[in-house]
Structure formats: structure tokens, C-alpha cells
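Student: Enclosed is the structure file start-v9.txt (compact mmCIF, C-alpha atoms).
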# COMPACT_ATOMS: atom_id res chain seq x y z
CA MET A 237 20.25 -23.52 22.97
CA ARG A 238 22.22 -22.73 19.82
CA ARG A 239 20.75 -25.72 18.01
CA THR A 240 17.23 -24.70 18.94
CA TRP A 241 17.33 -21.36 17.21
CA VAL A 242 19.23 -22.74 14.21
CA ARG A 243 16.53 -25.38 13.81
CA LEU A 244 13.84 -22.73 14.19
CA LEU A 245 15.59 -20.57 11.60
CA ILE A 246 15.69 -23.42 9.09
CA VAL A 247 12.09 -24.45 9.75
CA PHE A 248 10.66 -20.96 9.40
CA SER A 249 12.77 -20.20 6.33
CA ILE A 250 11.45 -23.32 4.64
CA LEU A 251 7.93 -22.43 5.75
CA SER A 252 8.32 -18.96 4.20
CA ILE A 253 9.47 -20.47 0.91
CA VAL A 254 6.56 -22.91 0.95
CA LEU A 255 4.12 -20.06 1.56
CA PHE A 256 5.73 -18.11 -1.29
CA LEU A 257 5.18 -21.01 -3.67
CA LEU A 258 1.52 -21.46 -2.78
CA PRO A 259 -0.88 -21.04 -5.72
CA GLY A 260 -2.65 -17.72 -6.08
CA LYS A 261 -6.03 -19.22 -5.21
CA VAL A 262 -4.79 -20.46 -1.85
CA THR A 263 -3.19 -17.08 -1.15
CA SER A 264 -6.43 -15.28 -2.01
CA PHE A 265 -8.37 -17.66 0.19
CA CYS A 266 -6.08 -16.90 3.14
CA ARG A 267 -6.37 -13.15 2.51
CA THR A 268 -10.15 -13.51 2.43
CA TRP A 269 -10.12 -14.80 5.97
CA VAL A 270 -7.69 -12.15 7.15
CA LEU A 271 -9.86 -9.43 5.61
CA SER A 272 -12.97 -10.80 7.28
CA PHE A 273 -11.19 -10.94 10.62
CA THR A 274 -9.55 -7.51 10.56
CA SER A 275 -12.14 -5.40 8.74
CA PRO A 276 -14.34 -4.46 11.74
CA LEU A 277 -11.37 -3.17 13.72
CA GLN A 278 -9.89 -1.57 10.61
CA GLY A 279 -13.08 0.35 9.96
CA MET A 280 -13.20 1.62 13.54
CA LEU A 281 -9.58 2.74 13.47
CA TYR A 282 -9.93 4.40 10.08
CA TYR A 283 -12.89 6.51 11.16
CA GLY A 284 -11.20 7.14 14.49
CA ALA A 285 -8.24 8.51 12.56
CA SER A 286 -10.57 10.88 10.72
CA GLY A 287 -11.84 12.17 14.05
CA VAL A 288 -8.34 12.64 15.41
CA ALA A 289 -7.27 14.49 12.27
CA SER A 290 -10.27 16.84 12.55
CA LEU A 291 -9.50 17.49 16.22
CA GLY A 292 -5.89 18.22 15.41
CA ARG A 293 -6.82 20.72 12.75
CA PHE A 294 -9.21 22.44 15.18
CA ALA A 295 -6.60 22.56 17.98
CA LEU A 296 -3.87 23.99 15.78
CA HIS A 297 -6.13 26.56 14.14
CA PRO A 298 -5.11 29.74 16.10
CA PHE A 299 -1.39 29.04 15.80
CA GLY A 300 -1.39 27.95 12.22
CA GLN A 301 -3.65 30.69 10.88
CA GLU A 302 -0.97 32.85 9.28
CA LEU A 303 0.74 29.79 7.90
CA GLU A 304 -2.57 28.56 6.66
CA ASN A 305 -3.27 31.90 4.92
CA GLN A 306 0.05 31.80 3.12
CA ARG A 307 -0.53 28.24 2.09
CA LEU A 308 -4.00 29.08 0.84
CA ARG A 309 -2.72 32.00 -1.27
CA GLU A 310 -0.21 29.72 -2.97
CA ARG A 311 -2.83 27.11 -3.48
CA ILE A 312 -5.23 29.61 -5.08
CA ALA A 313 -2.56 30.61 -7.57
CA ARG A 314 -1.93 26.96 -8.51
CA LEU A 315 -5.60 26.20 -8.75
CA GLU A 316 -6.29 29.09 -11.10
CA LEU A 317 -3.79 27.63 -13.53
CA GLU A 318 -5.24 24.18 -13.06
CA LEU A 319 -8.79 25.41 -13.61
CA ALA A 320 -8.26 26.16 -17.27
CA ARG A 321 -7.02 22.64 -17.94
CA GLN A 322 -9.70 20.96 -15.90
CA GLU A 323 -12.62 22.55 -17.75
CA ALA A 324 -12.15 20.25 -20.73
CA LEU A 325 -11.79 17.27 -18.43
CA LEU A 326 -14.96 18.26 -16.58
CA ALA A 327 -17.01 18.30 -19.77
CA GLU A 328 -15.80 14.81 -20.57
CA LYS A 329 -16.54 13.59 -17.06
CA GLU A 330 -20.05 15.02 -17.17
CA ARG A 331 -20.66 13.13 -20.36
CA VAL A 332 -19.47 9.89 -18.80
CA VAL A 333 -21.52 10.45 -15.63
CA GLN A 334 -24.59 10.88 -17.81
CA GLN A 335 -23.71 7.68 -19.62
CA LEU A 336 -23.18 5.91 -16.31
CA SER A 337 -26.56 7.11 -15.02
CA ALA A 338 -28.28 6.10 -18.25
CA PHE A 339 -26.58 2.72 -18.13
CA ARG A 340 -27.63 2.28 -14.51
CA ARG A 341 -31.23 3.19 -15.32
CA ALA A 342 -31.26 0.91 -18.35
CA SER A 343 -29.96 -2.15 -16.58
CA PRO A 344 -30.41 -1.79 -12.83
CA GLU A 345 -30.73 -5.53 -12.23
CA LYS A 346 -28.14 -6.63 -14.75
CA THR A 347 -25.16 -4.78 -13.34
CA PRO A 348 -25.73 -3.43 -9.84
CA ILE A 349 -23.50 -0.73 -8.47
CA ILE A 350 -22.84 -0.35 -4.76
CA VAL A 351 -21.19 2.41 -2.79
CA ALA A 352 -18.13 1.60 -0.70
CA ARG A 353 -15.68 3.46 1.52
CA SER A 354 -11.94 3.05 1.83
CA ILE A 355 -11.00 1.87 5.32
CA GLY A 356 -7.37 0.86 4.94
CA PHE A 357 -4.13 1.16 3.01
CA ASP A 358 -1.53 -1.30 1.88
CA PRO A 359 1.10 -1.53 4.66
CA ALA A 360 3.89 -2.29 2.20
CA GLN A 361 3.67 1.08 0.36
CA TRP A 362 5.20 -0.48 -2.78
CA ARG A 363 2.07 -2.35 -3.62
CA LYS A 364 -0.87 -0.01 -4.09
CA SER A 365 -4.08 -1.33 -2.68
CA ARG A 366 -6.98 -0.23 -0.54
CA VAL A 367 -9.35 -2.07 1.73
CA ILE A 368 -13.01 -1.18 1.23
CA ASP A 369 -15.89 -1.87 3.58
CA VAL A 370 -17.96 -4.11 1.29
CA GLY A 371 -17.43 -7.80 0.71
CA SER A 372 -19.15 -11.01 -0.30
CA ALA A 373 -22.11 -10.15 1.93
CA GLU A 374 -22.89 -7.29 -0.48
CA GLY A 375 -22.22 -9.39 -3.58
CA VAL A 376 -18.66 -8.26 -4.35
CA SER A 377 -16.50 -10.72 -6.27
CA PRO A 378 -12.85 -10.73 -7.33
CA GLY A 379 -12.42 -8.81 -10.55
CA ASP A 380 -15.15 -6.22 -9.93
CA LEU A 381 -14.24 -2.76 -11.13
CA VAL A 382 -14.00 0.09 -8.61
CA LEU A 383 -14.62 3.70 -9.59
CA ALA A 384 -14.40 7.13 -8.00
CA GLY A 385 -17.15 8.86 -9.91
CA PRO A 386 -16.38 8.23 -13.59
CA ALA A 387 -12.68 7.54 -12.97
CA VAL A 388 -11.32 4.02 -12.67
CA VAL A 389 -9.65 3.40 -9.32
CA GLY A 390 -8.83 -0.28 -9.54
CA ARG A 391 -10.09 -3.81 -9.43
CA VAL A 392 -11.15 -6.05 -6.52
CA LYS A 393 -8.51 -8.66 -5.77
CA ALA A 394 -9.51 -10.43 -2.56
CA VAL A 395 -12.95 -10.52 -0.97
CA GLY A 396 -13.78 -11.14 2.67
CA LYS A 397 -17.19 -11.32 4.25
CA TRP A 398 -17.45 -7.58 4.98
CA ALA A 399 -14.37 -6.12 3.34
CA SER A 400 -12.43 -6.41 0.10
CA GLN A 401 -8.95 -5.58 -1.10
CA VAL A 402 -8.79 -3.39 -4.20
CA GLN A 403 -5.74 -3.35 -6.45
CA LEU A 404 -5.27 0.26 -7.50
CA ILE A 405 -4.40 1.23 -11.05
CA THR A 406 -1.02 2.47 -9.78
CA ASP A 407 -0.08 -0.97 -8.45
CA PRO A 408 2.87 -2.47 -10.38
CA GLY A 409 0.76 -5.58 -11.04
CA PHE A 410 -2.15 -3.71 -12.63
CA ARG A 411 -2.59 -4.10 -16.37
CA HIS A 412 -5.46 -2.95 -18.52
CA TRP A 413 -6.11 -1.93 -22.09
CA ALA A 414 -6.87 1.73 -22.67
CA ARG A 415 -7.44 4.09 -25.55
CA LEU A 416 -6.79 7.73 -26.21
CA ALA A 417 -10.12 9.55 -26.39
CA ARG A 418 -8.95 11.93 -29.13
CA THR A 419 -7.21 9.58 -31.54
CA GLN A 420 -8.75 6.23 -30.47
CA HIS A 421 -5.30 4.62 -30.42
CA GLU A 422 -5.14 1.73 -27.99
CA GLY A 423 -2.37 0.83 -25.61
CA LEU A 424 -1.69 -1.12 -22.43
CA ILE A 425 -1.78 0.69 -19.10
CA GLU A 426 0.67 -0.53 -16.47
CA GLY A 427 0.74 0.74 -12.92
CA ARG A 428 3.87 2.18 -11.38
CA SER A 429 4.53 2.53 -7.65
CA THR A 430 5.46 6.18 -8.18
CA GLY A 431 1.77 7.06 -8.59
CA LYS A 432 1.74 7.34 -12.36
CA LEU A 433 0.80 4.94 -15.12
CA LEU A 434 2.76 3.90 -18.16
CA MET A 435 0.82 3.52 -21.39
CA LYS A 436 2.68 1.19 -23.71
CA TYR A 437 2.33 -0.20 -27.23
CA LEU A 438 0.99 2.99 -28.76
CA PRO A 439 1.81 3.24 -32.46
CA GLU A 440 5.15 4.94 -32.94
CA ASP A 441 3.64 7.66 -35.12
CA SER A 442 0.57 8.21 -32.93
CA ASP A 443 -0.45 11.83 -32.46
CA VAL A 444 -0.33 12.06 -28.66
CA GLU A 445 -0.34 15.35 -26.80
CA GLU A 446 -0.06 16.30 -23.16
CA GLY A 447 -3.49 16.46 -21.58
CA ASP A 448 -5.03 13.81 -23.86
CA LEU A 449 -7.72 11.84 -22.08
CA VAL A 450 -7.14 8.12 -21.56
CA LEU A 451 -10.21 5.91 -21.34
CA ALA A 452 -10.58 2.28 -20.32
CA ALA A 453 -11.00 -0.13 -23.21
CA GLY A 454 -12.04 -3.73 -23.66
CA LEU A 455 -14.30 -3.85 -20.62
CA GLY A 456 -17.25 -5.46 -22.35
CA GLU A 457 -20.92 -4.58 -22.64
CA GLU A 458 -21.67 -4.99 -18.95
CA TYR A 459 -19.61 -1.90 -18.12
CA PRO A 460 -20.45 1.70 -18.96
CA PRO A 461 -18.49 3.00 -21.92
CA GLY A 462 -15.86 5.72 -21.62
CA LEU A 463 -14.64 5.19 -18.07
CA ILE A 464 -11.71 7.52 -17.45
CA ILE A 465 -8.32 6.26 -16.43
CA GLY A 466 -6.38 9.51 -16.56
CA PHE A 467 -4.70 12.00 -18.85
CA VAL A 468 -1.34 12.05 -20.58
CA SER A 469 1.16 13.98 -18.50
CA GLU A 470 4.59 13.26 -19.98
CA LEU A 471 5.76 12.43 -23.46
CA PRO A 472 9.19 10.82 -23.40
CA GLN A 473 11.13 11.30 -26.61
CA PRO A 474 10.46 8.35 -28.95
CA LYS A 475 13.58 6.22 -29.36
CA GLY A 476 12.84 4.82 -32.79
CA ALA A 477 11.22 1.70 -31.42
CA LEU A 478 8.14 0.05 -32.89
CA PHE A 479 5.88 1.32 -30.14
CA ARG A 480 5.61 4.47 -28.10
CA GLU A 481 5.27 4.89 -24.36
CA VAL A 482 3.70 7.81 -22.52
CA TRP A 483 3.16 8.60 -18.86
CA VAL A 484 -0.40 8.95 -17.62
CA THR A 485 -1.57 10.66 -14.44
CA PRO A 486 -4.63 8.96 -12.89
CA ALA A 487 -7.80 11.02 -13.02
CA ALA A 488 -8.88 9.87 -9.56
CA ASP A 489 -7.07 11.34 -6.55
CA LEU A 490 -5.82 8.03 -5.18
CA GLY A 491 -4.46 9.65 -2.04
CA ARG A 492 -7.88 10.89 -0.96
CA LEU A 493 -10.26 8.09 -1.79
CA SER A 494 -13.44 8.14 0.22
CA ASN A 495 -16.71 7.20 -1.49
CA LEU A 496 -16.21 4.63 -4.20
CA LEU A 497 -18.47 2.77 -6.59
CA VAL A 498 -18.11 -0.97 -7.08
CA ILE A 499 -19.59 -2.33 -10.30
CA LEU A 500 -20.73 -5.87 -9.66
CA GLY A 501 -20.71 -7.93 -12.80
CA LYS A 502 -18.83 -10.12 -15.22
CA ARG A 503 -15.10 -9.82 -15.57
CA SER A 504 -13.45 -8.47 -18.69
CA MET B 102 6.28 -15.32 25.41
CA ARG B 103 2.52 -15.27 25.50
CA TRP B 104 2.04 -16.28 21.93
CA ILE B 105 -1.68 -15.74 21.64
CA THR B 106 -1.32 -12.24 23.07
CA ILE B 107 1.63 -11.60 20.77
CA CYS B 108 -0.41 -12.73 17.74
CA PHE B 109 -3.26 -10.39 18.60
CA PHE B 110 -0.79 -7.57 19.26
CA ILE B 111 0.88 -8.11 15.89
CA VAL B 112 -2.47 -8.09 14.10
CA LEU B 113 -3.39 -4.92 15.98
CA LEU B 114 -0.12 -3.27 14.92
CA GLY B 115 -0.78 -4.28 11.34
CA VAL B 116 -4.30 -2.89 11.36
CA ILE B 117 -3.09 0.35 13.00
CA GLN B 118 -0.42 0.67 10.32
CA ASN B 119 -3.06 0.04 7.65
CA SER B 120 -5.64 2.51 8.84
CA PHE B 121 -4.89 4.76 11.79
CA LEU B 122 -1.40 5.86 10.75
CA ARG B 123 -2.78 7.94 7.91
CA VAL B 124 -3.19 10.65 10.56
CA ILE B 125 0.59 11.03 10.76
CA SER B 126 1.45 10.13 7.17
CA VAL B 127 3.47 12.68 5.19
CA GLU B 128 2.86 12.56 1.42
CA GLY B 129 1.80 8.95 1.82
CA ILE B 130 4.92 8.00 3.80
CA ARG B 131 4.12 6.09 6.99
CA PRO B 132 6.38 4.38 9.53
CA ASP B 133 6.59 0.59 9.50
CA LEU B 134 5.23 -0.50 12.90
CA LEU B 135 5.46 -4.20 12.19
CA LEU B 136 9.13 -3.96 11.28
CA LEU B 137 9.78 -1.81 14.35
CA PHE B 138 8.28 -4.54 16.52
CA ALA B 139 10.35 -7.21 14.77
CA LEU B 140 13.51 -5.16 15.29
CA TYR B 141 12.60 -4.61 18.93
CA LEU B 142 12.29 -8.35 19.43
CA GLY B 143 15.62 -8.83 17.70
CA LEU B 144 17.29 -6.32 19.99
CA TYR B 145 15.72 -7.19 23.33
CA GLY B 146 13.99 -10.59 23.19
CA ARG B 147 15.31 -14.09 23.53
CA ARG B 148 16.75 -15.29 20.27
CA GLU B 149 14.12 -17.99 19.74
CA ASP B 150 11.30 -15.59 20.66
CA ALA B 151 12.70 -12.93 18.34
CA LEU B 152 12.84 -15.43 15.51
CA VAL B 153 9.27 -16.60 15.81
CA GLY B 154 7.82 -13.19 16.73
CA SER B 155 9.48 -11.40 13.82
CA TRP B 156 8.37 -14.14 11.43
CA LEU B 157 4.81 -13.67 12.62
CA ALA B 158 5.08 -9.89 12.18
CA GLY B 159 6.34 -10.38 8.64
CA LEU B 160 3.58 -12.87 7.91
CA CYS B 161 0.99 -10.39 9.13
CA LYS B 162 2.38 -7.79 6.73
CA ASP B 163 2.32 -10.37 3.93
CA PHE B 164 -1.35 -11.07 4.55
CA LEU B 165 -2.28 -7.39 4.63
CA THR B 166 -0.45 -6.47 1.45
CA MET B 167 -0.66 -7.74 -2.10
CA GLY B 168 1.61 -10.19 -3.81
CA HIS B 169 3.08 -13.45 -2.60
CA ILE B 170 2.93 -14.51 1.02
CA GLY B 171 6.16 -15.33 2.78
CA VAL B 172 8.45 -12.59 1.45
CA TYR B 173 8.23 -10.21 4.38
CA ALA B 174 8.07 -13.12 6.81
CA LEU B 175 11.45 -14.35 5.58
CA LEU B 176 13.00 -10.87 5.45
CA PHE B 177 11.82 -9.94 8.96
CA LEU B 178 13.08 -13.27 10.25
CA LEU B 179 16.56 -12.77 8.77
CA PHE B 180 16.81 -9.19 10.06
CA ALA B 181 15.76 -10.17 13.56
CA VAL B 182 18.28 -13.00 13.59
CA PHE B 183 21.02 -10.65 12.39
CA LEU B 184 20.17 -8.10 15.09
CA SER B 185 20.08 -10.75 17.78
CA ARG B 186 23.60 -11.77 16.77
CA ILE B 187 25.13 -8.28 16.88
CA ARG B 188 23.14 -6.69 19.71
CA GLU B 189 25.74 -7.46 22.36
CA ALA B 190 28.15 -5.15 20.54
CA LEU B 191 25.68 -2.25 20.54
CA PHE B 192 24.63 0.27 23.12
CA ARG B 193 21.02 -0.51 22.32
CA GLU B 194 19.49 1.59 25.10
CA HIS B 195 20.65 4.83 23.47
CA PRO B 196 17.96 6.43 21.27
CA LEU B 197 20.52 7.36 18.62
CA THR B 198 21.63 3.75 18.33
CA GLN B 199 18.03 2.68 17.98
CA MET B 200 17.35 5.31 15.32
CA ILE B 201 20.41 4.43 13.26
CA LEU B 202 19.68 0.72 13.50
CA VAL B 203 16.07 1.20 12.45
CA PHE B 204 17.03 3.56 9.61
CA LEU B 205 19.56 1.14 8.17
CA SER B 206 17.33 -1.90 8.68
CA VAL B 207 14.23 -0.34 7.09
CA LEU B 208 16.25 1.08 4.19
CA PHE B 209 18.07 -2.17 3.57
CA LEU B 210 14.94 -4.31 3.84
CA ASN B 211 12.93 -2.11 1.49
CA SER B 212 15.83 -2.00 -0.99
CA ILE B 213 16.03 -5.79 -0.97
CA PHE B 214 12.28 -5.97 -1.53
CA LEU B 215 12.36 -3.40 -4.33
CA ILE B 216 15.03 -5.12 -6.42
CA PRO B 217 13.02 -8.23 -7.37
CA LEU B 218 9.86 -6.13 -7.54
CA SER B 219 11.48 -3.81 -10.08
CA ILE B 220 12.83 -6.73 -12.09
CA TYR B 221 9.56 -8.67 -12.03
CA PHE B 222 7.38 -5.70 -13.03
CA ARG B 223 10.11 -4.07 -15.15
CA LEU B 224 9.88 -0.82 -13.21
CA LYS B 225 12.12 1.91 -14.54
CA SER B 226 11.57 4.18 -11.56
CA PHE B 227 13.83 2.31 -9.15
CA PRO B 228 15.77 5.45 -8.05
CA VAL B 229 12.51 7.23 -7.20
CA LEU B 230 11.33 4.23 -5.20
CA LEU B 231 14.68 4.12 -3.43
CA VAL B 232 14.17 7.72 -2.32
CA GLN B 233 10.74 6.73 -1.00
CA ALA B 234 12.35 3.84 0.86
CA ALA B 235 14.82 6.26 2.45
CA SER B 236 11.89 8.50 3.50
CA ILE B 237 10.12 5.56 5.11
CA ALA B 238 13.35 4.57 6.84
CA PHE B 239 13.88 8.10 8.12
CA TYR B 240 10.32 8.41 9.40
CA SER B 241 10.47 5.00 11.07
CA ALA B 242 13.81 5.90 12.65
CA LEU B 243 12.34 9.11 14.08
CA LEU B 244 9.60 7.15 15.80
CA ALA B 245 11.85 4.27 16.86
CA PRO B 246 12.67 5.51 20.39
CA VAL B 247 8.98 6.17 21.12
CA CYS B 248 7.89 2.82 19.75
CA PHE B 249 10.66 0.92 21.52
CA TYR B 250 9.74 2.62 24.79
CA SER B 251 6.09 1.65 24.26
CA PHE B 252 7.02 -1.94 23.48
CA ALA B 253 9.21 -2.01 26.59
CA ARG B 254 6.25 -0.91 28.71
CA LEU B 255 4.27 -3.81 27.26
CA ARG B 256 6.93 -6.43 27.90
CA SER B 257 5.19 -7.94 30.89
CA VAL B 258 1.84 -8.06 29.10
CA LEU B 259 3.34 -9.69 26.02
CA GLY B 260 5.64 -11.93 28.01
CA ILE B 261 8.80 -10.80 26.22
CA ARG B 262 11.83 -12.13 28.06
CA SER B 263 15.40 -11.01 27.57
CA GLN B 264 18.14 -13.51 26.71
CA ARG B 265 19.46 -13.80 30.25
CA SER B 266 16.10 -14.18 32.04
CA VAL B 267 14.76 -17.62 31.12
Turn this file's structure into C-alpha cells for me.
Tutor:
Amino acid sequence: MRRTWVRLLIVFSILSIVLFLLPGKVTSFCRTWVLSFTSPLQGMLYYGASGVASLGRFALHPFGQELENQRLRERIARLELELARQEALLAEKERVVQQLSAFRRASPEKTPIIVARSIGFDPAQWRKSRVIDVGSAEGVSPGDLVLAGPAVVGRVKAVGKWASQVQLITDPGFRHWARLARTQHEGLIEGRSTGKLLMKYLPEDSDVEEGDLVLAAGLGEEYPPGLIIGFVSELPQPKGALFREVWVTPAADLGRLSNLLVILGKRS
Amino acid sequence: MRWITICFFIVLLGVIQNSFLRVISVEGIRPDLLLLFALYLGLYGRREDALVGSWLAGLCKDFLTMGHIGVYALLFLLFAVFLSRIREALFREHPLTQMILVFLSVLFLNSIFLIPLSIYFRLKSFPVLLVQAASIAFYSALLAPVCFYSFARLRSVLGIRSQRSV
């Protein structure tokens, strides 16, 4: 009896190590099948959860009304402060939406855009990903960019038949070049599991301010120009190094993703 | 154990954790159902069944998340084996014991996972992530008695046998 479980322990440990060492393509292939298998049930449960949440809010309404009023008053006060800052961001977003629409009208066959919905989260919580309800049946391929309006949400990593896994910009493995809209300085965006992004390799003397808009760079002609990644939120004190790092808050609300746009096209 | 039923059950738990649990998530923090099931097997199942079942639960989590496959499978396996070795010394029927065990296991497992992740991706926010790990552990521990009771009700369906009943 003792030998049986020791043997099983050794076998499964070796199997785990072998799986860990598999090439990325094999791993993606396996995930493709898992996505295809689980996506129908995942979609049903996700929308079921929305229904349960709505029912819960309705049931608790009489008891939570006073609490809700207090919460709403606090929220109004915060939002009024936020409104002033968002007006500049809104003007920029409107400009990009117009560009996106013009781009879509100019090349509807060249780079199709499809609408997708988020139907699942990453169970690990350290890796930031979402499952969306479109896959290879709709023409999605690994590397396709995913947007929430004009804001970049992430990039497709694994594609099943009817669902795909999207690596969010806050995932530790996400890397992309970006530029500051105001000064045009370029840097590398890296995701952080804390929900913020780190923009690295900015020139040490770059004129960065809080609230500066960060746009995606180096995407290529097949993508609309000026896609928003976020805005600068923290400016750590420069330490005399060659390059500067700043913290960026994503423009998209990654906790409340619903309708997304997937740009089908070439990879950058 | 009824392995085909167990496999479907594990996949179902994974999908529920992925999608339905957002109803009860607090600031993005959700309990870890797959780990709870692996720990349940470690506490109450036959040692061989706990080993294989927890490995499958970890593998399911590996497939549903990003990154390399095999990491959670190995970690779940080792935790289940550890629990199966010490369970005789515990009063495992008591909810407080279950909650403390789950809290420590989830915290320790996530900490172990975070260390290489932080090194590999050069994350400077390790303390913040550790606080998140503690929140996940606390939330999972709160739900542990309910989940363990539910798993116990499904023992006959899943074919989970205790160590003494062969």
C-alpha cells in the first residue's frame, strides 16, 4: 500500500515536470481544446451569475436602501472630482473613436472587427486573463488585439472553436511598446498583477506628468492609430538611472469588462 | 473512485470558479474551489485517490489559467500528500480545524507560486500580492466548512472512499 502511493507520487511529479517543459505551442494547443470543451458551460454559468446578481440586488433593495443612499452620496462626491479629470480624457477618446470608425469604413474587408463578450476569469488570480465568447469559428487568431471601445484590453493568447483566452494588459507576461501622447516619448509597458502597468525605458529627463495619456505604439498600419492604454498615475522619484519608470492606470475598467472589440488582422 | 465522474466534477468546479463565482467575489477576490476539493481529498479520501484527484484538480486549474502547465498540478499533489500524512493527528471534522487548514494551505500555496512568478517577471509588488494571497486564503477558509460539507454529501456520487473502507 505504501509503495503504491509513493510510486504514484513519483510518477505524477515527473508527469507534472514533463508538462511544465512542454513547448508553448503544445500548451496552446491543449488550451485550445479545453476552451472549446468548457466554453458552452462557461457562457451559461456566466450569464446565470448575472441573473443571480440582479436577483440579489432586487431582494436586498428594501433593507439596503439607507446604506445604498449613503454609498451613493459618497460616490457622487468622488465622481464630481473625477469628472474634471475625465473631460480631457473624453475628448481624446472621442477623437480615437472617430479614427476607429473612419478606419473601419476605409478598410472593412482588410481588418474586420467583431464584438465579443467576456464569459470567464482566470482562476489563478495572479495571471490576468479573460475568456471571450468568440473563437476560430469567427476568425479569431492568437495575437489579435482586444479593445473596450478605444482602450486596449489585451491580446488573444489561445483560441478554441467558440471561445478564446485573452491576456489582459495587467498580466505580468504582457509587454507592449507605448508612447506618451503629449511628449511622444516611447517606453515599454509591462503588466503587473496589482492592476497597474509599469512604463519603462522612458528617457530620464522626459517631461512626464500625472494624468498624461499613454497610447499604444508600434502596432502597424493594420491597426487604428492612437489606441489608448491608460494614463500616468504615479511618478516615482527618479533614481539617477539611465531610464525612467512611471506607473500607468489602464483606461479600460478591467474589472467590469462586458462588450469587447476584437480586431482580426496581422500581428505586430 | 469513479474517475470519469470525478474528472467531470473537477472541470465543473473549475468552470464555476472561472465564471459563476464572480457573484460572490469581493474586489476581485474569489475562493479557490479547486484547491478546496484537493484539500478535501487529502483530508478524507484514500491516499492514492487523494494523490490522483488533487493532481487532476491542479491540472484543470493549469489548463484554465495562463502560463506553464503542470505547476498547480504539482503543488496540489504535494499539498494533498502532506495533508494525507498529517490528517490522523487532526480533528478534521471541526469547522475551525478545516478553516485553519484551508487558510494556511491556500496562503502557503499562493506564496510558493508567487515567488517564482515575481522573480521571473521581476515584479516589485510582491508584498501587495502577498496581501491578496492572504485575502484569498481568508475567503477560501470562510467557505471551507460549507464546501467540505457539500463534497461530503457528494461522496457516494463521486465514489470517494476513506482510508479504512477499501
Student: Identify every residue of chain A that has at least one atom within 6 Å of any atom of chain B, counting only C-alpha atoms, and report the result as number ranges by chain.
Tutor: A: 241, 252, 255-256, 267, 278, 281-282, 285, 289, 356-359
Student: Would you compute the distance between atom CA of Glu422 of chain A and atom CA of Arg366 of chain A? Give it in Å to one decimal.
Tutor: 27.6 Å
Student: So how far away is atom CA of Val388 of chain A from atom CA of Trp413 of chain A, in Å?
Tutor: 12.3 Å
Student: What does the structure give for the distance between atom CA of Ser236 of chain B and atom CA of Tyr283 of chain A, in Å to one decimal?
Tutor: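 Going from atom CA of Ser236 of chain B over to atom CA of Tyr283 of chain A, I get 26.0 Å.
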Student: Around (-11.1, -2.0, -0.3) in the file's own coordinates, what residues are found within 7 Å if you use only C-alpha atoms, given back as a JSON list (two decimals) with C-alpha atoms, keeping the file's coordinate frame?
Tutor:
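Everything below was put into result17.json:
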[["chain", "number", "residue", "atom", "x", "y", "z"],
["A", 354, "SER", "CA", -11.94, 3.05, 1.83],
["A", 355, "ILE", "CA", -11.00, 1.87, 5.32],
["A", 366, "ARG", "CA", -6.98, -0.23, -0.54],
["A", 367, "VAL", "CA", -9.35, -2.07, 1.73],
["A", 368, "ILE", "CA", -13.01, -1.18, 1.23],
["A", 369, "ASP", "CA", -15.89, -1.87, 3.58],
["A", 399, "ALA", "CA", -14.37, -6.12, 3.34],
["A", 400, "SER", "CA", -12.43, -6.41, 0.10],
["A", 401, "GLN", "CA", -8.95, -5.58, -1.10],
["A", 402, "VAL", "CA", -8.79, -3.39, -4.20]]
Student: Check the smallest atom-to-atom distance from each of A:Leu496, A:Leu319, A:Val484, A:Leu490 to Val370 of chain A using all atoms listed in the file, then report the winner.
Tutor: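 Using all atoms listed in the file, Val370 of chain A sits closest to A:Leu496.
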